[in-house]
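input17.txt follows (compact mmCIF, C-alpha atoms and all ligand atoms):
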# COMPACT_ATOMS: atom_id res chain seq x y z
CA MET A 1 1.37 28.02 -2.07
CA LYS A 2 4.88 28.81 -0.95
CA LEU A 3 6.79 26.15 0.98
CA THR A 4 7.99 27.22 4.43
CA GLY A 5 9.59 23.90 5.35
CA VAL A 6 8.97 20.28 6.11
CA GLU A 7 9.10 18.51 9.46
CA LEU A 8 10.38 14.95 9.13
CA ARG A 9 9.03 12.87 11.98
CA ARG A 10 10.21 9.33 12.63
CA ILE A 11 7.69 7.18 14.44
CA ALA A 12 7.70 3.57 15.67
CA MET A 13 4.35 1.80 16.06
CA PRO A 14 4.21 -1.65 17.69
CA LEU A 15 2.15 -4.14 15.65
CA VAL A 16 -0.59 -6.08 17.45
CA SER A 17 0.99 -9.29 16.15
CA PRO A 18 4.17 -10.08 14.18
CA PHE A 19 3.68 -9.79 10.40
CA ARG A 20 5.74 -12.37 8.51
CA THR A 21 6.18 -12.27 4.75
CA SER A 22 8.62 -13.99 2.40
CA PHE A 23 10.97 -11.01 2.92
CA GLY A 24 11.00 -10.99 6.72
CA THR A 25 9.12 -10.51 9.98
CA GLN A 26 7.99 -7.14 11.29
CA THR A 27 7.00 -6.58 14.91
CA THR A 28 7.17 -2.79 14.87
CA ARG A 29 6.27 -0.53 11.98
CA GLU A 30 8.76 2.31 11.70
CA LEU A 31 7.51 5.14 9.52
CA LEU A 32 8.41 8.61 8.35
CA LEU A 33 5.72 11.31 8.53
CA LEU A 34 6.04 14.66 6.78
CA ARG A 35 4.39 17.82 8.04
CA VAL A 36 4.48 20.07 5.00
CA VAL A 37 4.22 23.71 6.09
CA THR A 38 3.21 26.36 3.54
CA ASP A 39 2.10 29.98 3.66
CA GLU A 40 -1.46 28.71 3.18
CA GLY A 41 -1.44 26.04 5.89
CA GLU A 42 -0.12 22.57 6.62
CA GLY A 43 -0.57 19.08 5.26
CA TRP A 44 0.48 15.57 6.25
CA GLY A 45 2.37 13.09 4.13
CA GLU A 46 3.23 9.50 5.05
CA CYS A 47 6.27 7.78 3.57
CA VAL A 48 5.61 4.05 3.31
CA ALA A 49 9.25 2.99 3.01
CA MET A 50 10.21 0.32 5.53
CA SER A 51 13.27 0.25 7.81
CA ASP A 52 15.17 -2.05 5.44
CA PRO A 53 15.19 -2.20 1.62
CA VAL A 54 13.63 -5.68 1.45
CA TYR A 55 10.27 -4.93 -0.23
CA SER A 56 11.61 -2.26 -2.59
CA PRO A 57 14.97 -0.47 -2.92
CA GLU A 58 13.76 2.37 -0.69
CA TYR A 59 14.23 2.43 3.08
CA LEU A 60 13.53 4.98 5.80
CA ASP A 61 16.97 6.48 6.34
CA GLY A 62 17.44 6.71 2.58
CA ALA A 63 14.06 8.40 2.14
CA ALA A 64 14.85 10.93 4.87
CA ASP A 65 18.21 11.62 3.25
CA VAL A 66 16.90 12.20 -0.26
CA LEU A 67 14.07 14.38 1.10
CA ARG A 68 16.43 16.52 3.17
CA HIS A 69 19.23 16.88 0.60
CA HIS A 70 17.47 16.77 -2.76
CA LEU A 71 13.68 16.76 -2.90
CA ILE A 72 12.79 19.48 -0.38
CA PRO A 73 15.53 21.89 -1.60
CA ALA A 74 14.36 21.35 -5.20
CA LEU A 75 10.76 22.23 -4.27
CA ALA A 76 11.94 25.21 -2.23
CA ALA A 77 13.51 26.57 -5.41
CA VAL A 78 10.24 26.36 -7.37
CA GLY A 79 8.01 29.45 -7.31
CA PRO A 80 4.36 29.07 -6.34
CA LEU A 81 3.59 25.38 -5.74
CA GLU A 82 0.54 23.25 -6.30
CA ALA A 83 0.34 19.52 -5.61
CA HIS A 84 0.26 18.63 -9.30
CA ILE A 85 3.57 20.46 -9.87
CA VAL A 86 5.42 18.40 -7.26
CA ALA A 87 6.03 15.29 -9.39
CA PRO A 88 7.22 17.20 -12.51
CA ALA A 89 9.45 19.39 -10.32
CA LEU A 90 11.10 16.27 -8.89
CA ALA A 91 11.24 14.25 -12.11
CA ARG A 92 14.95 14.81 -12.72
CA PHE A 93 15.70 12.81 -9.57
CA LYS A 94 15.61 9.09 -10.44
CA GLY A 95 13.53 6.68 -8.39
CA HIS A 96 12.77 7.44 -4.71
CA ARG A 97 9.08 7.20 -5.45
CA MET A 98 8.04 6.60 -1.85
CA ALA A 99 9.85 9.75 -0.72
CA LYS A 100 8.39 11.76 -3.61
CA GLY A 101 4.92 10.35 -3.00
CA ALA A 102 5.01 11.38 0.67
CA LEU A 103 5.94 14.94 -0.26
CA GLU A 104 3.19 15.15 -2.88
CA MET A 105 0.70 13.76 -0.36
CA GLY A 106 1.63 16.50 2.10
CA PHE A 107 1.09 19.19 -0.54
CA LEU A 108 -2.20 17.64 -1.64
CA ASP A 109 -3.43 17.61 1.95
CA ALA A 110 -2.33 21.22 2.53
CA GLU A 111 -3.86 22.46 -0.71
CA LEU A 112 -7.16 20.62 -0.24
CA ARG A 113 -7.46 21.70 3.40
CA ALA A 114 -6.84 25.31 2.39
CA THR A 115 -9.67 25.14 -0.14
CA GLY A 116 -12.03 22.90 1.86
CA ARG A 117 -12.00 19.99 -0.60
CA SER A 118 -11.71 16.30 0.34
CA LEU A 119 -9.08 14.02 -1.20
CA ALA A 120 -11.75 11.48 -2.11
CA ARG A 121 -13.72 14.05 -4.13
CA GLU A 122 -10.54 15.40 -5.68
CA LEU A 123 -9.46 11.95 -6.87
CA GLY A 124 -12.89 11.08 -8.24
CA SER A 125 -14.35 8.71 -5.64
CA VAL A 126 -17.82 7.32 -6.30
CA HIS A 127 -18.47 5.39 -3.06
CA ASP A 128 -18.90 6.54 0.52
CA ARG A 129 -17.51 3.30 1.93
CA VAL A 130 -15.21 0.59 0.59
CA PRO A 131 -15.12 -3.19 1.17
CA CYS A 132 -11.97 -4.35 2.94
CA GLY A 133 -9.69 -7.33 2.74
CA VAL A 134 -6.97 -8.41 5.13
CA SER A 135 -3.42 -9.59 4.50
CA VAL A 136 -2.58 -12.57 6.70
CA GLY A 137 1.10 -13.24 7.45
CA ILE A 138 2.96 -16.55 7.29
CA MET A 139 2.39 -18.47 10.52
CA ASP A 140 4.25 -21.16 12.42
CA SER A 141 1.51 -23.74 11.83
CA VAL A 142 -1.68 -24.34 9.86
CA PRO A 143 -3.91 -24.43 13.00
CA GLN A 144 -2.52 -21.02 14.01
CA LEU A 145 -3.33 -19.70 10.52
CA LEU A 146 -6.86 -21.09 10.64
CA ASP A 147 -7.44 -19.35 13.98
CA ALA A 148 -6.23 -16.05 12.54
CA VAL A 149 -8.40 -16.37 9.42
CA ASP A 150 -11.39 -17.38 11.55
CA GLY A 151 -10.96 -14.22 13.62
CA TYR A 152 -10.76 -11.97 10.56
CA LEU A 153 -13.82 -13.55 8.94
CA ASP A 154 -15.69 -13.08 12.23
CA GLU A 155 -14.76 -9.40 12.16
CA GLY A 156 -16.35 -9.20 8.73
CA TYR A 157 -13.44 -8.91 6.32
CA ALA A 158 -14.67 -9.32 2.74
CA ARG A 159 -11.56 -11.05 1.44
CA ILE A 160 -8.57 -12.96 2.78
CA LYS A 161 -5.03 -12.70 1.38
CA LEU A 162 -2.51 -15.29 2.50
CA LYS A 163 1.18 -14.49 2.36
CA ILE A 164 3.01 -17.45 0.78
CA GLU A 165 6.56 -18.63 0.15
CA PRO A 166 8.09 -21.96 -0.90
CA GLY A 167 7.09 -24.45 1.81
CA TRP A 168 4.01 -22.40 2.83
CA ASP A 169 1.68 -22.29 -0.15
CA VAL A 170 -0.50 -25.22 -1.29
CA GLU A 171 -1.10 -26.65 2.19
CA PRO A 172 -2.27 -23.44 3.90
CA VAL A 173 -4.46 -22.59 0.89
CA ARG A 174 -6.00 -26.07 0.92
CA ALA A 175 -6.57 -25.87 4.68
CA VAL A 176 -8.31 -22.48 4.45
CA ARG A 177 -10.53 -23.69 1.59
CA GLU A 178 -11.41 -26.91 3.44
CA ARG A 179 -12.26 -25.10 6.66
CA PHE A 180 -14.02 -21.98 5.36
CA GLY A 181 -15.43 -23.14 2.03
CA ASP A 182 -15.38 -22.06 -1.59
CA THR A 183 -17.28 -18.81 -1.26
CA VAL A 184 -14.61 -16.90 0.68
CA LEU A 185 -12.74 -14.49 -1.60
CA LEU A 186 -9.21 -15.87 -1.22
CA GLN A 187 -5.93 -14.75 -2.79
CA VAL A 188 -2.19 -15.18 -2.17
CA ASP A 189 0.86 -12.89 -2.19
CA ALA A 190 4.38 -14.29 -2.72
CA ASN A 191 6.38 -11.03 -2.60
CA THR A 192 8.75 -12.33 -5.34
CA ALA A 193 9.59 -15.60 -3.57
CA TYR A 194 9.40 -17.89 -6.66
CA THR A 195 11.05 -18.28 -10.07
CA LEU A 196 9.58 -19.28 -13.41
CA GLY A 197 10.94 -22.77 -12.75
CA ASP A 198 8.26 -23.06 -10.05
CA ALA A 199 5.43 -22.75 -12.62
CA ARG A 200 4.34 -26.38 -12.30
CA HIS A 201 4.33 -26.09 -8.53
CA LEU A 202 2.31 -22.85 -8.62
CA ALA A 203 -0.17 -24.55 -10.97
CA ARG A 204 -1.07 -26.74 -7.97
CA LEU A 205 -2.90 -23.66 -6.64
CA ASP A 206 -5.19 -23.70 -9.71
CA PRO A 207 -7.91 -25.96 -8.22
CA PHE A 208 -8.52 -23.58 -5.30
CA ASP A 209 -10.25 -20.88 -7.33
CA LEU A 210 -8.08 -18.05 -6.01
CA VAL A 211 -8.95 -14.46 -6.93
CA LEU A 212 -5.31 -13.92 -7.86
CA ILE A 213 -1.67 -14.65 -7.12
CA GLU A 214 0.26 -11.47 -6.32
CA GLN A 215 3.86 -10.93 -7.43
CA PRO A 216 5.10 -14.53 -7.58
CA LEU A 217 8.37 -13.64 -9.37
CA ASP A 218 11.12 -11.04 -9.14
CA GLU A 219 9.98 -7.45 -9.57
CA GLU A 220 12.04 -7.03 -12.75
CA ASP A 221 10.87 -10.32 -14.25
CA VAL A 222 7.92 -8.92 -16.18
CA LEU A 223 8.37 -11.35 -19.07
CA GLY A 224 8.55 -14.23 -16.59
CA HIS A 225 5.14 -13.21 -15.24
CA ALA A 226 3.79 -13.19 -18.80
CA ASP A 227 5.13 -16.72 -19.32
CA LEU A 228 3.81 -17.87 -15.95
CA ALA A 229 0.37 -16.41 -16.68
CA ARG A 230 0.12 -18.79 -19.66
CA GLN A 231 0.96 -21.80 -17.47
CA ILE A 232 -1.44 -21.30 -14.57
CA THR A 233 -5.16 -20.50 -14.39
CA THR A 234 -4.97 -18.33 -11.26
CA PRO A 235 -4.94 -14.70 -12.47
CA VAL A 236 -1.55 -13.03 -12.02
CA CYS A 237 -1.51 -9.68 -10.18
CA LEU A 238 1.55 -7.45 -9.96
CA ASP A 239 2.56 -5.36 -6.94
CA GLU A 240 6.33 -4.72 -6.75
CA SER A 241 6.74 -4.61 -10.57
CA ILE A 242 4.25 -1.76 -11.03
CA THR A 243 6.23 1.38 -10.24
CA SER A 244 4.47 3.84 -12.57
CA ALA A 245 1.69 4.16 -15.14
CA GLN A 246 4.35 3.45 -17.75
CA THR A 247 5.45 0.13 -16.24
CA ALA A 248 1.78 -0.75 -15.70
CA ALA A 249 1.03 -0.13 -19.38
CA ALA A 250 3.94 -2.35 -20.42
CA ALA A 251 2.97 -5.14 -18.03
CA ILE A 252 -0.61 -5.10 -19.29
CA ARG A 253 0.48 -5.07 -22.96
CA LEU A 254 2.84 -8.00 -22.35
CA GLY A 255 0.17 -10.04 -20.61
CA ALA A 256 2.21 -10.06 -17.39
CA CYS A 257 -0.79 -9.24 -15.21
CA GLN A 258 -4.52 -9.69 -15.38
CA ILE A 259 -5.05 -7.61 -12.22
CA VAL A 260 -3.10 -4.67 -10.72
CA ASN A 261 -2.35 -3.82 -7.09
CA VAL A 262 -2.02 -0.03 -6.76
CA LYS A 263 0.02 1.33 -3.87
CA PRO A 264 0.35 5.10 -4.04
CA GLY A 265 3.70 5.18 -2.25
CA ARG A 266 5.27 2.62 -4.57
CA VAL A 267 4.28 4.60 -7.69
CA GLY A 268 5.26 8.08 -6.46
CA GLY A 269 1.96 9.37 -5.14
CA TYR A 270 -1.82 9.52 -5.33
CA LEU A 271 -1.90 11.38 -8.65
CA GLU A 272 0.16 8.69 -10.40
CA ALA A 273 -1.95 6.06 -8.63
CA ARG A 274 -5.04 7.63 -10.19
CA ARG A 275 -3.40 7.52 -13.63
CA ILE A 276 -2.78 3.78 -13.14
CA HIS A 277 -6.41 3.36 -12.12
CA ASP A 278 -7.50 5.18 -15.31
CA LEU A 279 -5.16 3.07 -17.45
CA CYS A 280 -6.50 -0.15 -15.96
CA VAL A 281 -10.11 0.94 -16.45
CA ALA A 282 -9.32 1.72 -20.10
CA HIS A 283 -7.90 -1.80 -20.50
CA GLY A 284 -10.60 -3.57 -18.54
CA VAL A 285 -8.04 -4.66 -15.94
CA PRO A 286 -9.39 -4.86 -12.36
CA VAL A 287 -7.43 -2.84 -9.79
CA TRP A 288 -7.38 -2.88 -6.02
CA CYS A 289 -5.68 -0.75 -3.40
CA GLY A 290 -2.72 -2.35 -1.66
CA GLY A 291 -1.37 -1.36 1.72
CA MET A 292 1.93 -0.81 3.51
CA LEU A 293 0.81 -1.04 7.14
CA GLU A 294 -0.11 2.64 7.06
CA THR A 295 -1.13 4.77 10.02
CA GLY A 296 -4.54 6.41 9.97
CA LEU A 297 -3.10 9.18 7.78
CA GLY A 298 -2.04 6.93 4.91
CA ARG A 299 -5.10 4.75 5.49
CA ALA A 300 -7.42 7.74 5.03
CA ALA A 301 -5.82 8.49 1.69
CA ASN A 302 -5.86 4.84 0.60
CA VAL A 303 -9.54 4.52 1.42
CA ALA A 304 -10.24 7.69 -0.63
CA LEU A 305 -8.38 6.16 -3.58
CA ALA A 306 -10.10 2.79 -3.16
CA ALA A 307 -13.45 4.56 -3.63
CA LEU A 308 -12.69 5.24 -7.32
CA PRO A 309 -14.90 3.28 -9.74
CA GLY A 310 -12.21 0.96 -11.14
CA PHE A 311 -11.34 -0.47 -7.70
CA THR A 312 -13.59 -3.47 -8.13
CA LEU A 313 -11.81 -5.83 -5.71
CA PRO A 314 -11.50 -5.35 -1.91
CA GLY A 315 -8.19 -3.76 -0.95
CA ASP A 316 -5.63 -4.30 1.81
CA THR A 317 -7.32 -1.38 3.53
CA SER A 318 -7.90 -3.08 6.85
CA ALA A 319 -9.13 -1.43 10.04
CA SER A 320 -6.60 0.31 12.31
CA GLY A 321 -7.02 -2.46 14.88
CA ARG A 322 -5.65 -5.10 12.48
CA TYR A 323 -2.27 -3.38 12.85
CA TYR A 324 -2.17 -1.14 15.89
CA ALA A 325 -3.66 -1.15 19.39
CA THR A 326 -3.58 2.65 19.19
CA ASP A 327 -3.53 4.53 15.89
CA ILE A 328 -2.24 8.10 15.61
CA THR A 329 -5.60 9.30 14.21
CA GLU A 330 -9.13 8.41 15.20
CA PRO A 331 -9.09 4.70 14.39
CA PHE A 332 -10.63 3.30 11.21
CA VAL A 333 -13.19 0.75 12.34
CA LEU A 334 -14.67 -2.02 10.20
CA GLU A 335 -18.45 -1.78 9.76
CA ASP A 336 -20.07 -4.65 7.91
CA GLY A 337 -16.74 -5.39 6.18
CA HIS A 338 -16.32 -1.78 5.03
CA LEU A 339 -14.44 1.37 5.98
CA GLN A 340 -16.05 4.80 5.63
CA VAL A 341 -14.41 7.15 3.13
CA PRO A 342 -13.41 10.36 4.96
CA THR A 343 -15.29 13.43 3.73
CA GLY A 344 -13.54 16.29 5.55
CA PRO A 345 -11.06 18.67 3.90
CA GLY A 346 -7.80 17.08 2.69
CA LEU A 347 -7.21 13.64 4.17
CA GLY A 348 -10.19 14.23 6.43
CA VAL A 349 -8.24 13.01 9.47
CA GLU A 350 -5.54 14.51 11.66
CA PRO A 351 -2.94 13.11 14.01
CA LEU A 352 -4.00 13.05 17.65
CA ARG A 353 -1.47 15.08 19.59
CA ASP A 354 -0.80 12.68 22.47
CA GLU A 355 -0.95 9.50 20.37
CA LEU A 356 1.52 11.00 17.90
CA ALA A 357 3.87 12.17 20.66
CA ALA A 358 3.81 8.70 22.23
CA VAL A 359 5.21 7.00 19.11
CA THR A 360 7.60 9.74 17.96
CA VAL A 361 11.26 8.74 17.86
CA SER A 362 12.72 11.95 16.42
CA THR A 363 11.77 15.10 14.55
CA GLU A 364 13.82 17.23 12.21
CA TRP A 365 12.87 20.58 10.67
CA VAL A 366 14.03 21.04 7.08
CA PRO A 367 13.55 24.71 6.15
CA ALA A 368 12.70 25.62 2.56
O1 LIG B 1 3.16 -7.05 -0.53
O2 LIG B 1 1.26 -6.18 -0.18
C1 LIG B 1 2.41 -6.40 0.20
C2 LIG B 1 2.84 -5.07 3.74
C3 LIG B 1 4.11 -4.51 3.66
C4 LIG B 1 4.81 -4.61 2.50
C5 LIG B 1 4.25 -5.27 1.39
C6 LIG B 1 2.98 -5.81 1.46
C7 LIG B 1 2.28 -5.74 2.68
C8 LIG B 1 0.97 -6.37 2.90
C9 LIG B 1 0.10 -5.80 3.97
O3 LIG B 1 0.59 -7.35 2.30
C10 LIG B 1 -0.83 -4.80 3.42
C11 LIG B 1 -1.54 -4.04 4.50
O4 LIG B 1 -2.40 -4.61 5.15
O5 LIG B 1 -1.23 -2.84 4.71
MG MG B 2 2.08 -7.50 -2.28
Can you dump the structure from the file as structure tokens?
Ligand code: OSB
Ligand code: MG
Amino acid sequence: MKLTGVELRRIAMPLVSPFRTSFGTQTTRELLLLRVVTDEGEGWGECVAMSDPVYSPEYLDGAADVLRHHLIPALAAVGPLEAHIVAPALARFKGHRMAKGALEMGFLDAELRATGRSLARELGSVHDRVPCGVSVGIMDSVPQLLDAVDGYLDEGYARIKLKIEPGWDVEPVRAVRERFGDTVLLQVDANTAYTLGDARHLARLDPFDLVLIEQPLDEEDVLGHADLARQITTPVCLDESITSAQTAAAAIRLGACQIVNVKPGRVGGYLEARRIHDLCVAHGVPVWCGGMLETGLGRAANVALAALPGFTLPGDTSASGRYYATDITEPFVLEDGHLQVPTGPGLGVEPLRDELAAVTVSTEWVPA
């Protein structure tokens, strides 16, 4: 394939309800979509960076800038391209994994569409549907939280993840256990809101039989997570700290995580995400597919990844309706707690023209 150019499209999608985490509250999901145009057809990439660098160092304007000035020109200078050449061709640029991952996703989609292969088959999926969890934001009150959880359980979600922070941890967990019982798969995500000094406090979550606690400490505090893991019985899972197969291998060796959250954008793309899956399988470490409030495009790819054999826990691959009243693709709908894995060529889904136009803020053509 020869790159013709990339269209950078900024979109803004209103969320059905505010999503509050320890790093802030989102009411609208701003996103960057990439339409990768080649001589053999087009593909779609979704950059999961957020408007502000509060989850990771990347942010939308920064991602657009590095794509426009560094990543796309570097790929334009490479001869014939295939998706698996994208990451090595961009390796001399440090970081910017979300931007790189979006570009690789666009090439993967284009290449697979051109040859009639589905992303799920390409990655090695073994299931035609995947069980889904839901990430529940911090609320103003416990009754409000219980209402939200009740609604999600009614819809059929197979697992509940509560966002926590100091002041919103033991009580909401206790309340959910008391109201919904011990059989609900329940886990928590702190998004780095604690320090190792909070170990005794976090041990108060031990009696609630949580599936895991996700990223309690700073993303660079891998040793701290290893120390914490020895002081609590809830399994420690890393999200922000796992930026590559290499950092995953180190975290596993150090005992910093018993479980891994894989987010393709965070680790530079679906091919690196698969390597992390393979690494975890080799170590007997359960993995699950995280989410970044994706549109139907990113969701299609996440669901394909989540169908690999090592993804033994339900992911944050919720239905479109959990986030958006109107998605930009045909919506993903929960059936019996599962989402269907797309089978069509590439991502297996496409943006709907009018829905995409309605949320578009700006477009920019970056020629190769
Ligand atoms: O830490 O997993 C996280 C959303 C945005 C940024 C970080 C995270 C999240 C979520 C929601 O928890 C996952 C989803 O449903 O897409
Ligand atoms: Mg997380």
- Item | Near-A:Pro367 list (8 Å; all atoms listed in the file; drop same-chain fewer than 5 positions) as a list in words | Thr4, Gly5 and Val6 of chain A
- Task: Would you list the residues near (8.6, -8.3, 17.9), meaning any protein, DNA or RNA residue with an atom at most 7 Å from that point in file coordinates, counting all atoms listed in the file, as a ChimeraX atom specification?
- Result: /A:18,26-28
- Message: Need the shell around stretch 161-170 of chain A: protein/DNA/RNA residues with any atom at most 10 Å away, counting all atoms listed in the file. Skip same-chain ones fewer than 2 positions apart. Format as number ranges by chain?
- Response: A: 19-23, 133-142, 145, 149, 159, 172-176, 185-194, 198, 201-206, 208, 210-214, 216, 315-316
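For the pair atom CA of A:Pro309 and atom CA of A:Gly290, the interatomic distance is 15.7 Å.
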- Task: Determine the nearest neighbour of A:Leu308 from the options A:Gly291, A:Gly156, A:Pro345, A:Gly124, counting all atoms listed in the file.
- Result: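 Of A:Gly291, A:Gly156, A:Pro345, A:Gly124, the one nearest A:Leu308 is A:Gly124, counting all atoms listed in the file.
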